[in-house]
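> A single structure is presented below for examination.
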There are 4 protein chains.
Amino acid sequence: LFRVAIWGESHGEAVGATIDGCPAGLPLAVEDFVADLARRWPDLPGVSPRREPDRPRLLSGVCAGCTTGAPLTIAFENATARPVDYEQLQNLPRPGHADLPARRKFGGWNDPRGGGHFSGRLTVGLTAAGVVAKKLLAPIAIHARVVEIGGTALAADADPSTLSSLLSEAAQAGDSLGGVVECRAGGLPVGLGEPFFDSVESIVSHLVFAIPGVKAIEFGAGFSGARLRGSQFNDPIVAADGPPATNHAGGVNGGLTNGADLVFRVAVRPTASIALPQQTIDLRTGAPAELRTTGRHDGCIAVRVPVILEAACATALADLMLIEQRLPRIAERR
Amino acid sequence: LFRVAIWGESHGEAVGATIDGCPAGLPLAVEDFVADLARRWPDLPGVSPRREPDRPRLLSGVCAGCTTGAPLTIAFENATARPVDYEQLQNLPRPGHADLPARRKFGGWNDPRGGGHFSGRLTVGLTAAGVVAKKLLAPIAIHARVVEIGGTALAADADPSTLSSLLSEAAQAGDSLGGVVECRAGGLPVGLGEPFFDSVESIVSHLVFAIPGVKAIEFGAGFSGARLRGSQFNDPIVAADGPPATNHAGGVNGGLTNGADLVFRVAVRPTASIALPQQTIDLRTGAPAELRTTGRHDGCIAVRVPVILEAACATALADLMLIEQRLPRIAERR
Amino acid sequence: LFRVAIWGESHGEAVGATIDGCPAGLPLAVEDFVADLARRWPDLPGVSPRREPDRPRLLSGVCAGCTTGAPLTIAFENATARPVDYEQLQNLPRPGHADLPARRKFGGWNDPRGGGHFSGRLTVGLTAAGVVAKKLLAPIAIHARVVEIGGTALAADADPSTLSSLLSEAAQAGDSLGGVVECRAGGLPVGLGEPFFDSVESIVSHLVFAIPGVKAIEFGAGFSGARLRGSQFNDPIVAADGPPATNHAGGVNGGLTNGADLVFRVAVRPTASIALPQQTIDLRTGAPAELRTTGRHDGCIAVRVPVILEAACATALADLMLIEQRLPRIAERR
Amino acid sequence: LFRVAIWGESHGEAVGATIDGCPAGLPLAVEDFVADLARRWPDLPGVSPRREPDRPRLLSGVCAGCTTGAPLTIAFENATARPVDYEQLQNLPRPGHADLPARRKFGGWNDPRGGGHFSGRLTVGLTAAGVVAKKLLAPIAIHARVVEIGGTALAADADPSTLSSLLSEAAQAGDSLGGVVECRAGGLPVGLGEPFFDSVESIVSHLVFAIPGVKAIEFGAGFSGARLRGSQFNDPIVAADGPPATNHAGGVNGGLTNGADLVFRVAVRPTASIALPQQTIDLRTGAPAELRTTGRHDGCIAVRVPVILEAACATALADLMLIEQRLPRIAERR
């Protein structure tokens, strides 16, 4: 019921999101987007130098400062598109990118500039949709953070310089890093999720795997839970109307929320575009070629993912909450 | 376009699947289901003693031995339902099960017998749908196998007694084991997957998380890939029309198949129902209670998951192949 | 949210419906279906002599006499299938039927027996789904009746012998009649319908045109309203929370219910299968052929349509009511 | 597969359409939209004096003059929005409009300016989507024309002054006219349409009833066909691979295209906004009030509907053609 369409290309006219089914009466202004859009550009070494102003235009669905119940379109003009950087890539597909599969899928008609539609740039639309979803869901609180970079665990209270050092070192080596991001949603009602195919994990993972670079997701104890025994894994039931005593299940039993925090972690692959030489082929000749990526790229996508992961999670939950009639179709004023 | 509905309850009249959008002209007979249905009941220690005949009735969509193009309904009567085992559970929700969330979601109207709709029994319908999807997809080959049980890795050529010993030991302890199952699909065309939200990983994970007990999924290098650097992770491109040289991406770049095998692994939690005593509450009084699960249960769901995982994968791929017009709407005879 | 799948073939094993998203807690028994199933077989001249027992089996989704919230499957065995009547038709497609288009669409794999999936027999499943939807919607009342047969208007209080005479006369002539059926739903809340594409008229007509034989639908004044002027057509607003003073709009303004009765009429074509000779071709030779339909057929579909039209209307409204959160997901007991 | 979202408000920032699933490689330029956008503003008496420049911006999905296969967003800035005209209407709901139902559905948060989302202005987005769909479908030809205005039939070769006189007369009377518009699509393959609920009539009518003002649709002989006998209505089959000899069915048998032209007519109600006084209530006081609509309005919506009806028809057919794999996912160049 809360349906989001994401559109745009990295170096096209604009990128954005169209939300269908957003409840009416939610106060919404350009200012609401500022904080989350800024979190997409953390002030860290190796973050892409492409700095778009990222000012949202609310093209439809808002009147007198509130959502109207009609489709909500949020557009971001691409102000700093620099297509010239990418021309060579049309014939030298980048390893790890969608360049070659997209070229074959779309018969060469796909937009090759900066990955076109298959670019991290598109996540600005998803982030914007997440802002709306999170406002709707309040007081449900959704928070994501980086818990591992390049194999190094990062505690919630880790010294920020640890992360910076890791990123700087990789950037200087012309290489990139992967990471793990954890997301947590608290305050959910019991019973979200729909049989048979729309378990909470199904809906969340569907949206999460749309985020470029995400290659894995685990709920609760996840892969390490597969090494536990039932007597260890099962979360003891201690109340009829509260969460279990532990949370190995990540807040989901049988596909339904159980009152505990929804907890999941995603693995983000290291950025595909690196300065080090890589092996590809020249599509004009079929001959092997060496590629050194220029353009403006991130050294580590994972550090930009938390706010986007929150957006995917919030979008999933807004939909499930509307289906379960736990979110009214006319928003209460906040 | 290949839409599957799964219906039924563990101890209701019947369970089954209704497939909408199955191409016409696919030869389909009761015999086609035998092998996969048998794989759902592997001959291993600790597998549930409930042995349903599992004979499919093709209620609709088949005529003269072939699919007609109309909706295909496959039903399995529940022959050995024993609801009496489960009566106590209505008031003593089982830890790790959907009992309590389902009771709250459905106001107590859910079928409490053996987990009702939230039972592994339902996977017989999914397995049947998988049989149809795999026949459609041939010569695309999909194969899943257990790669880890209770923390012990199992090579493809592992001595079968290793697995048996692990299962026997846990069963004797009144406990259960988790595991990891890997699925691999070879022979896929390049370019399956749809922007923005219907990446291959999105569609596959959506279906996979409908399998009871699955708590995590990783594609290709997955979580371990988050510890690699871009120069290590990127799969070198060596041909315009073939797969890359390595397969850290698990066959998917930017959400699109890239010509390499689609490879993913799922974590299956240890069975929730165990003979050891567990902590719950009595919903009549709210007082703490101890639960020892009786009834017929598996000691390790993971050993039953491979054929179900193949079914989920095949269902996802049949849909993506039809969307991409790589599967004709009138099946070629096989 | 209230999703119905209809499956089966005229002379296959069974026909039925699978309902996904039915609220939990609705009392439902085989007896609930008796009255509406009987209305599908009105005691009138020319109604098909094929009399199926039409006893529903509730295969899933019901426990202890109430819906569980899980998918609800209702199956009807085809007890009196007589495929032998129809063998010739495989090569002599019947004018006005789907025989030839279906054959070409499905490459000849479609079930040719009695029209297969394209048979009025399928409406038993829709009728059953309507029973469920109408119980959910109470006290909203939905009623349909025949208002015209073969061009003769039938008032609500018309002498039953008028209709019988019309039907008898046509049957004796070896011919068939069309008709117009009106449906009316009262007690609807204001504001059902969703922008942009899911107007009430859109959702209702989508379902209604699935009923075999329906060729037209008009809401309120419909076609005759196109001859009025705005000053005549506009329904004066006389209350903030009640219906307008007249109902030329049929209860829908701008795609949203306005508090007046939802009123629409459908045109049902005369039955295609008639005893009089008709022109077709022999598909084996391509030569012209004459066809006299044997088998068991209706002389006038329209007289059987009212209960089916109510079912289509109720299904549409149940969905819109759930979306608008006007129907709870846990049914109040009735 | 060809999914269109329409967004915007009459006096908001912009209106537009987002198309998901448009095949790649279709040449598309701003010029392609000129002719159809102009047809939305026919040069006739009584057509609204609001003249928007209606210049489409292709925000996404087009690169180097062709569609890319990624979502296509087409936006039209609202250049001449004059919200001041409409302020009174917030408290004086217009008879025949969605004003009051929308206010109640959305708790008063709907955009009241010119009907907001429930305005004919929105059809510019649908018209634009239709341009894309029609280009994809070529050489399938879709053509709609007005066949009746205010009860007066208009032959294809009618003297244009007949229509002008009718419109002028009504405008001078401060009143409005309804009409009937016929749409015809030729060159369709046999077998479009999907069982059970997605008959051609279902899909077409679903989209058509999203057009503001449409209150009825009939296929082929429609309502008059309900007065024929089977022997008159049935279209004789005269070829295995061609259309039947007559076309009472409007090109559809059993929900599937049969090779004849798809033919349907819609009834368009007279414009709701008229200069003559109308009865409404003042929502502040609940007292009866008289309303004379000012603002810029059409005297007869029907004369603007043909190009919009073609767009709805083309959108429906593009979807059905993609499902049936009769349209390639990579467009052939034209």
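So you can find residues: chains in the structure tokens are A, B, ... in the order shown, residues in each start at 1, and ligands are numbered from 1 in order.
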For chain C against chain A, with a cut-off of 8 Å and counting only C-alpha atoms, what is the closest atom pair and its distance in Å to one decimal for every residue that makes the cut, ordered by chain and number, as a Markdown table?

```
| residue | atom | partner | partner_atom | distance |
| --- | --- | --- | --- | --- |
| C:Leu1 | CA | A:Ile323 | CA | 7.6 |
| C:Ala70 | CA | A:Pro195 | CA | 6.6 |
| C:Pro71 | CA | A:Pro195 | CA | 7.8 |
| C:Pro195 | CA | A:Ala70 | CA | 6.6 |
| C:Ile323 | CA | A:Ile323 | CA | 7.4 |
| C:Glu324 | CA | A:Arg329 | CA | 7.1 |
| C:Gln325 | CA | A:Gln325 | CA | 6.3 |
| C:Pro328 | CA | A:Gln325 | CA | 7.8 |
| C:Arg329 | CA | A:Glu324 | CA | 7.1 |
```
> Next, write the just-selected residues to a file, as a PDB file, in the first residue's frame, keeping N, CA and C atoms as the atom set.

```
ATOM      1  N   LEU C   1      -6.034  -6.220  -1.261  1.00  0.00           N
ATOM      2  CA  LEU C   1      -5.763  -6.985  -0.041  1.00  0.00           C
ATOM      3  C   LEU C   1      -6.653  -8.212   0.061  1.00  0.00           C
ATOM      4  N   ALA C  70      -5.447 -17.159   7.242  1.00  0.00           N
ATOM      5  CA  ALA C  70      -4.574 -17.756   6.220  1.00  0.00           C
ATOM      6  C   ALA C  70      -5.388 -17.948   4.936  1.00  0.00           C
ATOM      7  N   PRO C  71      -4.714 -18.223   3.806  1.00  0.00           N
ATOM      8  CA  PRO C  71      -5.446 -18.360   2.550  1.00  0.00           C
ATOM      9  C   PRO C  71      -6.576 -19.385   2.653  1.00  0.00           C
ATOM     10  N   PRO C 195      -6.744   6.878  -5.960  1.00  0.00           N
ATOM     11  CA  PRO C 195      -6.134   7.519  -7.127  1.00  0.00           C
ATOM     12  C   PRO C 195      -4.906   6.731  -7.586  1.00  0.00           C
ATOM     13  N   ILE C 323      -8.417  -1.749   2.046  1.00  0.00           N
ATOM     14  CA  ILE C 323      -7.414  -0.721   1.752  1.00  0.00           C
ATOM     15  C   ILE C 323      -7.727   0.540   2.551  1.00  0.00           C
ATOM     16  N   GLU C 324      -8.992   0.899   2.604  1.00  0.00           N
ATOM     17  CA  GLU C 324      -9.404   2.134   3.285  1.00  0.00           C
ATOM     18  C   GLU C 324      -9.530   1.931   4.799  1.00  0.00           C
ATOM     19  N   GLN C 325      -9.223   0.712   5.253  1.00  0.00           N
ATOM     20  CA  GLN C 325      -9.280   0.400   6.686  1.00  0.00           C
ATOM     21  C   GLN C 325     -10.690   0.566   7.245  1.00  0.00           C
ATOM     22  N   PRO C 328     -12.133  -4.340   9.404  1.00  0.00           N
ATOM     23  CA  PRO C 328     -11.016  -4.751  10.259  1.00  0.00           C
ATOM     24  C   PRO C 328     -10.401  -6.051   9.754  1.00  0.00           C
ATOM     25  N   ARG C 329      -9.139  -6.266  10.066  1.00  0.00           N
ATOM     26  CA  ARG C 329      -8.474  -7.497   9.640  1.00  0.00           C
ATOM     27  C   ARG C 329      -8.889  -8.679  10.506  1.00  0.00           C
TER      28      ARG C 329
END
```
> Contacts of Arg269 (chain C) at 6 Å or less, counting only C-alpha atoms, minus same-chain residues fewer than 2 places along, as a PDB file with N, CA, C and O atoms, in the first residue's frame?

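See part11.pdb below for the written result:
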```pdb
ATOM      1  N   GLY C 178     -30.093 -12.388 -24.732  1.00  0.00           N
ATOM      2  CA  GLY C 178     -29.226 -11.594 -23.866  1.00  0.00           C
ATOM      3  C   GLY C 178     -30.059 -10.853 -22.844  1.00  0.00           C
ATOM      4  O   GLY C 178     -31.288 -10.999 -22.805  1.00  0.00           O
ATOM      5  N   GLY C 213     -19.538 -13.428 -20.825  1.00  0.00           N
ATOM      6  CA  GLY C 213     -20.754 -12.918 -21.438  1.00  0.00           C
ATOM      7  C   GLY C 213     -21.019 -11.445 -21.203  1.00  0.00           C
ATOM      8  O   GLY C 213     -21.840 -10.851 -21.895  1.00  0.00           O
TER       9      GLY C 213
ATOM     10  N   ALA D 226     -27.357  -6.848 -26.099  1.00  0.00           N
ATOM     11  CA  ALA D 226     -28.158  -7.608 -25.128  1.00  0.00           C
ATOM     12  C   ALA D 226     -29.584  -7.809 -25.619  1.00  0.00           C
ATOM     13  O   ALA D 226     -30.347  -8.581 -25.040  1.00  0.00           O
TER      14      ALA D 226
END
```
> Enumerate the residues of region 31-253 of chain D with a DSSP assignment of helix (DSSP H, G or I), computed from the backbone, and present them as a PyMOL selection string.
chain D and resi 31-39+83-90+99-105+113-115+120-137+160-172+200-208+222-225+230-233
> What lies within 12 Å of Leu166 (chain C) using only C-alpha atoms, ignoring chain neighbours under 6 positions off, as a PyMOL selection string?
(chain C and resi 44-46+148-154+159-160+172-173+175-179+299-300+303) or (chain D and resi 229)
> Can I get the selected residues back with C-alpha atoms, as a compact mmCIF listing (two decimals), in the first residue's frame?

```
# COMPACT_ATOMS: atom_id res chain seq x y z
CA LEU C 44 -36.35 -21.23 -15.22
CA PRO C 45 -36.91 -22.59 -18.71
CA GLY C 46 -33.76 -23.11 -20.73
CA GLU C 148 -34.16 -6.60 -19.19
CA ILE C 149 -34.27 -9.83 -21.20
CA GLY C 150 -34.15 -9.93 -24.95
CA GLY C 151 -35.04 -6.26 -25.07
CA THR C 152 -38.03 -6.58 -22.74
CA ALA C 153 -37.79 -4.56 -19.55
CA LEU C 154 -38.61 -6.44 -16.36
CA ASP C 159 -45.09 -11.28 -13.22
CA PRO C 160 -42.61 -14.24 -13.25
CA GLN C 172 -38.09 -23.60 -28.64
CA ALA C 173 -36.65 -21.58 -31.49
CA ASP C 175 -31.94 -19.65 -30.11
CA SER C 176 -30.69 -17.69 -27.07
CA LEU C 177 -31.34 -14.35 -25.39
CA GLY C 178 -29.23 -11.59 -23.87
CA GLY C 179 -30.16 -9.34 -21.01
CA GLY C 299 -30.63 -20.44 -23.22
CA CYS C 300 -29.90 -17.14 -21.45
CA VAL C 303 -30.72 -15.02 -15.69
CA ARG D 229 -30.48 -13.28 -30.15
```
> Name all residues at most 8 Å from region 13-15 of chain C (count only C-alpha atoms; drop same-chain ones fewer than 4 positions away) and give them as a list in words.
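With the cut-off at 8 Å, the set is Leu58, Leu59 and Ser60 of chain B; Ile6, Trp7, Gly8, Glu9, Ala75, Phe76, Glu77, Asn78, Arg121, Leu122, Val124 and Gly125 of chain C.
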> Just C-alpha atoms for this one: save the residues we selected as a PDB file, in the first residue's frame.

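Generated file (again-v3.pdb):
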```pdb
ATOM      1  CA  LEU B  58      -3.743 -31.960 -10.310  1.00  0.00           C
ATOM      2  CA  LEU B  59      -7.085 -30.270  -9.788  1.00  0.00           C
ATOM      3  CA  SER B  60      -6.843 -27.837 -12.672  1.00  0.00           C
TER       4      SER B  60
ATOM      5  CA  ILE C   6     -10.269 -18.608  -9.718  1.00  0.00           C
ATOM      6  CA  TRP C   7      -9.137 -21.918 -11.138  1.00  0.00           C
ATOM      7  CA  GLY C   8     -10.523 -24.977 -12.851  1.00  0.00           C
ATOM      8  CA  GLU C   9     -11.973 -26.211 -16.118  1.00  0.00           C
ATOM      9  CA  ALA C  75     -13.027 -26.458  -4.081  1.00  0.00           C
ATOM     10  CA  PHE C  76     -15.920 -27.998  -5.979  1.00  0.00           C
ATOM     11  CA  GLU C  77     -15.440 -31.409  -7.524  1.00  0.00           C
ATOM     12  CA  ASN C  78     -16.775 -31.689 -11.053  1.00  0.00           C
ATOM     13  CA  ARG C 121     -18.672 -23.336 -14.873  1.00  0.00           C
ATOM     14  CA  LEU C 122     -15.814 -21.267 -13.437  1.00  0.00           C
ATOM     15  CA  VAL C 124     -19.067 -21.225  -9.193  1.00  0.00           C
ATOM     16  CA  GLY C 125     -15.706 -20.310  -7.662  1.00  0.00           C
TER      17      GLY C 125
END
```
> Env of region 99-112 of chain C: 6 Å cut, atoms = only C-alpha atoms, seq-sep filter 3 positions within chain, self excluded. Answer as a CSV table (one decimal) with N, CA, C and O atoms, in the first residue's frame.

```csv
chain,number,residue,atom,x,y,z
B,24,ALA,N,1.7,-22.9,-21.4
B,24,ALA,CA,0.9,-24.0,-21.8
B,24,ALA,C,1.9,-25.0,-22.5
B,24,ALA,O,2.9,-24.6,-23.0
B,25,GLY,N,1.5,-26.3,-22.5
B,25,GLY,CA,2.2,-27.3,-23.3
B,25,GLY,C,3.3,-28.0,-22.6
B,25,GLY,O,4.0,-28.8,-23.2
B,63,CYS,N,-4.4,-30.9,-19.0
B,63,CYS,CA,-5.3,-31.7,-19.8
B,63,CYS,C,-4.5,-32.5,-20.8
B,63,CYS,O,-3.5,-32.0,-21.4
B,68,THR,N,-2.3,-26.4,-19.6
B,68,THR,CA,-3.2,-25.8,-20.5
B,68,THR,C,-3.0,-24.3,-20.7
B,68,THR,O,-3.5,-23.7,-21.6
C,90,GLN,N,-13.2,-29.5,-30.8
C,90,GLN,CA,-11.8,-29.2,-30.9
C,90,GLN,C,-11.5,-28.8,-32.3
C,90,GLN,O,-10.6,-28.0,-32.5
C,93,PRO,N,-14.5,-24.8,-34.1
C,93,PRO,CA,-14.6,-23.8,-33.0
C,93,PRO,C,-16.0,-23.1,-33.1
C,93,PRO,O,-16.5,-22.8,-34.2
C,115,GLY,N,-15.2,-25.7,-23.3
C,115,GLY,CA,-14.6,-24.3,-23.1
C,115,GLY,C,-13.5,-24.3,-22.1
C,115,GLY,O,-12.8,-23.3,-22.0
C,116,GLY,N,-13.3,-25.4,-21.4
C,116,GLY,CA,-12.2,-25.5,-20.5
C,116,GLY,C,-12.3,-24.4,-19.4
C,116,GLY,O,-13.3,-24.3,-18.7
D,190,VAL,N,-4.1,-12.3,-32.2
D,190,VAL,CA,-5.1,-13.1,-31.5
D,190,VAL,C,-4.6,-13.6,-30.2
D,190,VAL,O,-3.4,-13.9,-30.1
D,191,GLY,N,-5.4,-13.5,-29.2
D,191,GLY,CA,-5.0,-14.2,-27.9
D,191,GLY,C,-4.5,-13.3,-26.8
D,191,GLY,O,-4.1,-13.7,-25.8
D,258,ASN,N,-9.7,-11.6,-30.8
D,258,ASN,CA,-10.1,-12.6,-31.7
D,258,ASN,C,-9.6,-12.3,-33.1
D,258,ASN,O,-10.0,-13.0,-34.1
```
> Using DSSP on the backbone coordinates, identify all residues within region 15-239 of chain D classified as strand (DSSP E or B); present the result as a PyMOL selection string.
chain D and resi 15-20+24+27+57-60+62-63+66-67+72-77+141-149+152-153+177+179-186+194+198+214-219+229
> Residues at most 8 Å from Ser205 (chain A), counting only C-alpha atoms, excluding those fewer than 4 positions away in the same chain, as a ChimeraX atom specification?
/A:201,209,217 /B:202,205-206
> Could you dump the residues just selected with N, CA, C and O atoms as a compact mmCIF listing (two decimals), in the first residue's frame?

```txt
# COMPACT_ATOMS: atom_id res chain seq x y z
N GLU A 201 10.80 -10.81 6.81
CA GLU A 201 12.13 -10.94 6.20
C GLU A 201 12.04 -10.83 4.68
O GLU A 201 12.94 -10.28 4.03
N PHE A 209 17.84 -5.51 -1.01
CA PHE A 209 18.71 -5.94 -2.11
C PHE A 209 18.57 -5.04 -3.34
O PHE A 209 19.21 -5.28 -4.36
N ILE A 217 22.14 -10.59 3.68
CA ILE A 217 21.37 -10.06 4.80
C ILE A 217 21.16 -11.18 5.80
O ILE A 217 20.95 -12.34 5.41
N SER B 202 16.72 -9.51 -4.92
CA SER B 202 15.45 -9.13 -4.28
C SER B 202 14.39 -10.21 -4.48
O SER B 202 13.70 -10.62 -3.55
N SER B 205 15.45 -13.59 -2.72
CA SER B 205 15.38 -13.55 -1.25
C SER B 205 13.95 -13.42 -0.77
O SER B 205 13.59 -13.99 0.26
N HIS B 206 13.12 -12.70 -1.51
CA HIS B 206 11.71 -12.58 -1.14
C HIS B 206 11.09 -13.97 -1.00
O HIS B 206 10.42 -14.28 -0.01
```
> Considering only C-alpha atoms, state which residue in the set A:His117, A:His11, A:Arg94, A:Arg51 is at the smallest distance from Ala289 (chain A).
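So, comparing all the options, the nearest one is A:Arg94.
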> Let me make sure I understand: among A:Ala38, A:Phe2, A:Phe197, A:Ala245, which one has the smallest atom-to-atom distance to Leu126 (chain B) if we use only C-alpha atoms?
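So, comparing all the options, the nearest one is A:Phe197.
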> Pick out the closest residue to Gly250 (chain B) from this set: B:Arg184, B:Val307, B:Cys313, B:Thr271. Count only C-alpha atoms.
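Selected residue with least distance to Gly250 (chain B): B:Arg184.
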> May I ask for the distance between CA of Ala144 (chain C) and CA of Val47 (chain C), given in Å to one decimal place?
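Calculated distance between CA of Ala144 (chain C) and CA of Val47 (chain C) is 18.5 Å.
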> For Ser231 (chain C), find every residue with an atom within 12 Å (counting only C-alpha atoms), except residues of its own chain fewer than 4 positions away, and show them as a ChimeraX atom specification.
/C:225,227,235-236,248 /D:95-96,170,173-178,269-279,291-293,299
> Considering only C-alpha atoms, can you say which of B:Ser119, B:Asn91, B:Thr18, B:Ser165 comes closest to Val4 (chain C)?
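The answer is B:Thr18, which sits nearest to Val4 (chain C).
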> Enter the distance from CA of Gly120 (chain D) to CA of Ala312 (chain D), in Å, rounded to one decimal.
14.0 Å
